[in-house]
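Below you'll find the structure, written out as structure tokens, and then a few comments.
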Amino acid sequence: MQMQRNQSQDWWRTSTVYQVYPKSFNDTTGSGTGDIRGLTEKLDYIKGLGIDIVWLQPVYVSPQNDNGYDVADYYNIDPAYGTMEDFDELVHELKKRNMHLMIDIVVNHSSTEHHWFKEARSSRDNPYRDYYIWKDPAEDGGPPNNWQSKFGGPAWQFDEGTGQYFLTLFDKTQADLNWENEKVRQEVVDLLTFWAKKGVDGFRMDVINLISKDQCFPNDDGSIPPGDGRKFYTDGPRVHEYVKELNEKVFRPYNIITVGEMSSTTLAHCIRYSNPEEHEFSMTFNFHHLKVDYPNGQKWELKPYDFEELKTVLSDWQIGMQEGGGWNALFWNNHDQPRALTRFTDDDEYRIESAKLLATTLHGLQGTPYVYQGEEIGMPDPKWKDISEFRDIESRNMYDILLKRGKTPEEAAHIVSVRSRDNSRLPMLWDDSDQAGFTSGTPWIKIDERYPHINAKAQVEDDDSIYHHYRKLIELRKELPVLIDGKYIRLDESHPQIYAYARINEEESIVVISNFSKEEATFELPEWFSVGLSRASRVKLLIGNTDEEPVLSKRMNIQPYGSYMWLIKNS
Ligand code: GLC
């Protein structure tokens, strides 16, 4: 009961968040990279979708080795993105439209260009030394343990000047902060407070479940795959304590919406992170549904995705979070993932149906949906021609590592083209003018050449477009409480083509049926459900993606990539 009361007070549970990758969103200066004013210029477009929260990815001063996730100054805007005045104007323009700003907070690590790190590396006695994680070399002079960086290679970098290694779980220029140090935690509280006072309403907390490391820093014996050390710092010993501290000192006093990005996490931890009674985050991202095409958990190997596993993972998280009182951040896409449209559906012949199917399937689930720029117009992965087209540090590192592992250049390039984070980082396709309306200069990364027929302008003008499909789904979430509180029940039993589920509360139910294949499918509702359906007072198709308007019935034929949502009023 307590939880239900809390949930209805949380306005953001009916919201949809729009994710902006500023570098690729809209360039107003001709520099070839997007900027803050470019976002401000497009707020009406975003508002037109019915969005009320915009997540802006890092625009702080940064050497941009990891596109801003390597922060060199948490209090200033990188000139590549504009100025603090531009930022203030963005906040102001959002508020005018009754929209909210969520910013990205990257505090598991800072850039090695940050002045804290420069001080820390200057001598072992420097007061900032303990802001980072330093260890003596192992006996053979090598790294202190066998932990691996998420971007490939050892997780430790040797500092010649002071003769010790420092920890870097991501790029070698992203040094992990030492959260055991109270001063570091105070710095984080201070910087969060600074942005909260500027009128920011939300924080997306980058890889926040990695901040507490096992202080013994043990070697990973490889008994649990992938054996790269992650079990010693993922959802680590003091993480909940640290998050509670941030909640008490900043999130609660400033009424901030928070989403934690949880790397390789568990359901049990995500319940703790996001159940309101725990006073930690509003909601969590997890990535298990986006690993169903990783053979044995290996991202840099390929296999066709396992549809049954995808449905099982989504369902387990729906049921588990619901039972535990947690709250999911729902998403198919972000700046770190290839586009789901290419990955799970047909991005060519059935591109429009597929994009709508993914949208309907996700927006019917419990949680707060996130739409990543370009998703709402059905942007697919690009066609890569050459390895030199990639910009992402992880993709470049992994190409070299794959070659070292014995792949041919063709094989390595193919794997990178399927897995690269750059797949979703191409500029937004605004219209059919030069460079898709993104820039008047030379874009920092290539532009998808399909912009004459895939672009935002054309879709805003076409009532039947993917954009308007998203708009309707976003509106439905505001209108129908069952989409927020309805109990999730899966309706298909291992069907090879269909994913079907219901959301049920006392007054009404929702049914979503989606055919994830290019063959027509036959689907039968479970007996118990059809009995209830025959007693319902009214059944209405809310949204679909084909010309036909199928009647919800015990046995149905579902068209290729057909996807529908019905509302059932209980008598
Ligand atoms: C998160 C970000 C990703 C970044 C990494 C390191 O996973 O989404 O883009 O590279 O953290 O900060």
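Ligands are numbered from 1 in the order shown, chains are lettered A, B, ... in the order of the structure tokens, and residues start at 1 in each chain.
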With ligand 1 as the partner and 7 Å as the cut-off, tabulate the residues of chain A that qualify, each row holding the nearest pair of atoms and their distance in Å to one decimal, using only C-alpha atoms and all ligand atoms, sorted by chain and rising number, as CSV.
residue,atom,partner,partner_atom_place_in_ligand_line,distance
A:Asp66,CA,ligand 1,10 (O),5.7
A:Tyr69,CA,ligand 1,12 (O),4.5
A:Asp70,CA,ligand 1,12 (O),6.7
A:Val106,CA,ligand 1,12 (O),6.3
A:Phe170,CA,ligand 1,6 (C),5.9
A:Asp206,CA,ligand 1,1 (C),5.3
A:Val207,CA,ligand 1,11 (O),5.4
A:His335,CA,ligand 1,9 (O),6.5
A:Asp336,CA,ligand 1,9 (O),5.5
If we count only C-alpha atoms and set the cut-off at 7 Å, which residues sit around Gly32 in chain A, ignoring sequence neighbours fewer than 4 positions away in its own chain? Please answer as a tab-separated table (two decimals) with C-alpha atoms, in the first residue's frame.
chain	number	residue	atom	x	y	z
A	27	ASP	CA	24.83	22.02	-35.14
A	439	THR	CA	25.28	20.98	-40.10
A	441	GLY	CA	30.02	22.30	-42.11
A	442	THR	CA	31.79	18.95	-42.30
A	443	PRO	CA	30.14	16.48	-39.91
A	444	TRP	CA	32.40	14.86	-37.29
### Message
Quick one: residues within 12 Å of Trp116 in chain A, only C-alpha atoms, excluding same-chain residues fewer than 3 positions away - as a PyMOL selection string?
### Response
chain A and resi 71-74+109-113+119-122+126-132+175-178+183-184+187
### Query
Leaving out Ser433 in chain A and any residue of its chain fewer than 5 positions from it, which residues lie within 10 Å of it when counting only C-alpha atoms, given as a PyMOL selection string?
chain A and resi 438+451-452+455
Please save all heavy atoms of the selected residues as a compact mmCIF listing (two decimals), in the first residue's frame.
# COMPACT_ATOMS: atom_id res chain seq x y z
N PHE A 438 21.70 18.73 -40.54
CA PHE A 438 22.40 18.64 -39.24
C PHE A 438 23.44 19.74 -39.10
O PHE A 438 23.61 20.33 -38.05
CB PHE A 438 23.05 17.25 -39.10
CG PHE A 438 24.08 17.18 -38.01
CD1 PHE A 438 23.71 17.28 -36.68
CD2 PHE A 438 25.44 17.03 -38.32
CE1 PHE A 438 24.66 17.22 -35.66
CE2 PHE A 438 26.39 16.99 -37.31
CZ PHE A 438 26.00 17.08 -35.98
N TYR A 451 18.93 9.96 -45.86
CA TYR A 451 18.12 11.09 -45.34
C TYR A 451 17.07 11.63 -46.30
O TYR A 451 16.06 12.16 -45.84
CB TYR A 451 19.02 12.21 -44.80
CG TYR A 451 19.89 12.91 -45.81
CD1 TYR A 451 19.41 14.00 -46.53
CD2 TYR A 451 21.20 12.50 -46.04
CE1 TYR A 451 20.21 14.64 -47.46
CE2 TYR A 451 22.01 13.15 -46.96
CZ TYR A 451 21.51 14.22 -47.67
OH TYR A 451 22.30 14.85 -48.58
N PRO A 452 17.23 11.47 -47.65
CA PRO A 452 16.12 11.98 -48.48
C PRO A 452 14.78 11.29 -48.17
O PRO A 452 13.73 11.90 -48.30
CB PRO A 452 16.59 11.69 -49.90
CG PRO A 452 18.09 11.67 -49.81
CD PRO A 452 18.39 11.06 -48.46
N ASN A 455 13.62 11.15 -42.68
CA ASN A 455 13.97 12.39 -41.98
C ASN A 455 12.79 12.91 -41.16
O ASN A 455 11.63 12.55 -41.41
CB ASN A 455 14.51 13.45 -42.96
CG ASN A 455 13.46 13.96 -43.91
OD1 ASN A 455 12.49 14.60 -43.49
ND2 ASN A 455 13.61 13.68 -45.20
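Proximity of A:Pro63, A:Pro253, A:Gly260, A:Gly229 to Thr173 in chain A, computed with only C-alpha atoms, is greatest for A:Pro63.
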### Residues flagged strand (DSSP E or B) by DSSP in range 207-445 of chain A, as a PyMOL selection string
chain A and resi 257-261+283-285+328-330+368-372
Could you write out that same residue set with N, CA and C atoms as a short mmCIF file (atom, residue, chain, number, x, y, z; two decimals), in the first residue's frame?
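What landed in selection30.cif:
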data_model
loop_
_atom_site.label_atom_id
_atom_site.label_comp_id
_atom_site.auth_asym_id
_atom_site.auth_seq_id
_atom_site.Cartn_x
_atom_site.Cartn_y
_atom_site.Cartn_z
N ILE A 257 14.74 13.87 -10.10
CA ILE A 257 14.45 12.55 -10.68
C ILE A 257 15.80 11.93 -11.04
N THR A 258 15.97 10.67 -10.72
CA THR A 258 17.27 10.07 -11.00
C THR A 258 17.12 8.73 -11.70
N VAL A 259 18.02 8.48 -12.63
CA VAL A 259 18.07 7.14 -13.23
C VAL A 259 19.52 6.68 -13.13
N GLY A 260 19.69 5.49 -12.59
CA GLY A 260 21.04 4.94 -12.44
C GLY A 260 21.33 4.00 -13.60
N GLU A 261 22.47 4.21 -14.23
CA GLU A 261 22.89 3.26 -15.26
C GLU A 261 23.63 2.12 -14.56
N MET A 283 14.76 5.27 -10.71
CA MET A 283 14.64 4.10 -11.61
C MET A 283 16.02 3.68 -12.10
N THR A 284 16.06 2.51 -12.73
CA THR A 284 17.35 1.97 -13.17
C THR A 284 17.30 1.47 -14.62
N PHE A 285 18.43 1.64 -15.29
CA PHE A 285 18.67 0.99 -16.58
C PHE A 285 19.41 -0.31 -16.32
N ASN A 328 11.48 0.29 -13.60
CA ASN A 328 12.40 0.17 -14.74
C ASN A 328 12.46 1.45 -15.56
N ALA A 329 13.64 1.79 -16.04
CA ALA A 329 13.78 2.70 -17.17
C ALA A 329 13.74 1.79 -18.40
N LEU A 330 12.75 2.02 -19.28
CA LEU A 330 12.56 1.12 -20.43
C LEU A 330 13.25 1.69 -21.65
N THR A 368 9.42 3.71 -17.08
CA THR A 368 9.44 5.00 -17.77
C THR A 368 10.20 4.83 -19.07
N PRO A 369 9.54 5.01 -20.23
CA PRO A 369 10.23 4.78 -21.50
C PRO A 369 11.20 5.91 -21.85
N TYR A 370 12.29 5.53 -22.49
CA TYR A 370 13.29 6.46 -23.01
C TYR A 370 13.32 6.32 -24.52
N VAL A 371 13.28 7.46 -25.21
CA VAL A 371 13.37 7.45 -26.68
C VAL A 371 14.70 8.09 -27.03
N TYR A 372 15.53 7.37 -27.75
CA TYR A 372 16.84 7.90 -28.10
C TYR A 372 16.77 8.58 -29.47
#
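Atom pair CA of Leu567 in chain A / CA of Pro496 in chain A: separated by 24.8 Å.
Between Glu461 in chain A and the candidates A:Asp228, A:Glu280, A:Asp431, A:Asn255, the tightest atom-to-atom separation, counting only C-alpha atoms, involves A:Asp431.
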#### Entry: Residues near Tyr60 in chain A, cut-off 12 Å, only C-alpha atoms, skip fewer than 4 positions along chain, as a ChimeraX atom specification
/A:22,35-36,56,64,67-84,87,103-106,110-111,114,191,195
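If you measure from each of A:Pro237, A:Gly367, A:Gly142, A:Pro380 to Ser274 in chain A using only C-alpha atoms, the closest one turns out to be A:Gly367.
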#### Entry: Nearby residues (only C-alpha atoms) at most 9 Å from Lys172 in chain A, same-chain spacing under 5 positions excluded, as a VMD selection string
chain A and resid 112 149 151 155 to 157 167
Based on the selection just made, write N, CA and C atoms of those residues as a PDB file, in the first residue's frame.
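Final output, saved to out.pdb:
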ATOM      1  N   THR A 112      41.733  12.159 -16.919  1.00  0.00           N
ATOM      2  CA  THR A 112      43.068  12.385 -16.345  1.00  0.00           C
ATOM      3  C   THR A 112      43.496  13.843 -16.576  1.00  0.00           C
ATOM      4  N   SER A 149      39.978  -3.623 -18.520  1.00  0.00           N
ATOM      5  CA  SER A 149      39.184  -2.443 -18.848  1.00  0.00           C
ATOM      6  C   SER A 149      37.993  -2.853 -19.713  1.00  0.00           C
ATOM      7  N   PHE A 151      36.943  -1.271 -22.097  1.00  0.00           N
ATOM      8  CA  PHE A 151      37.256  -0.928 -23.492  1.00  0.00           C
ATOM      9  C   PHE A 151      38.438  -1.735 -24.016  1.00  0.00           C
ATOM     10  N   ALA A 155      43.066  -2.954 -16.741  1.00  0.00           N
ATOM     11  CA  ALA A 155      42.348  -1.840 -16.126  1.00  0.00           C
ATOM     12  C   ALA A 155      43.287  -0.922 -15.338  1.00  0.00           C
ATOM     13  N   TRP A 156      44.592  -1.098 -15.463  1.00  0.00           N
ATOM     14  CA  TRP A 156      45.539  -0.297 -14.684  1.00  0.00           C
ATOM     15  C   TRP A 156      46.516   0.396 -15.623  1.00  0.00           C
ATOM     16  N   GLN A 157      46.845   1.625 -15.276  1.00  0.00           N
ATOM     17  CA  GLN A 157      47.839   2.382 -16.041  1.00  0.00           C
ATOM     18  C   GLN A 157      49.004   2.718 -15.120  1.00  0.00           C
ATOM     19  N   LEU A 167      43.808   2.995 -11.303  1.00  0.00           N
ATOM     20  CA  LEU A 167      42.741   2.174 -11.896  1.00  0.00           C
ATOM     21  C   LEU A 167      41.957   2.950 -12.942  1.00  0.00           C
TER      22      LEU A 167
END
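Straight-line separation from CA of Val189 in chain A to CA of Ile53 in chain A: 22.7 Å.
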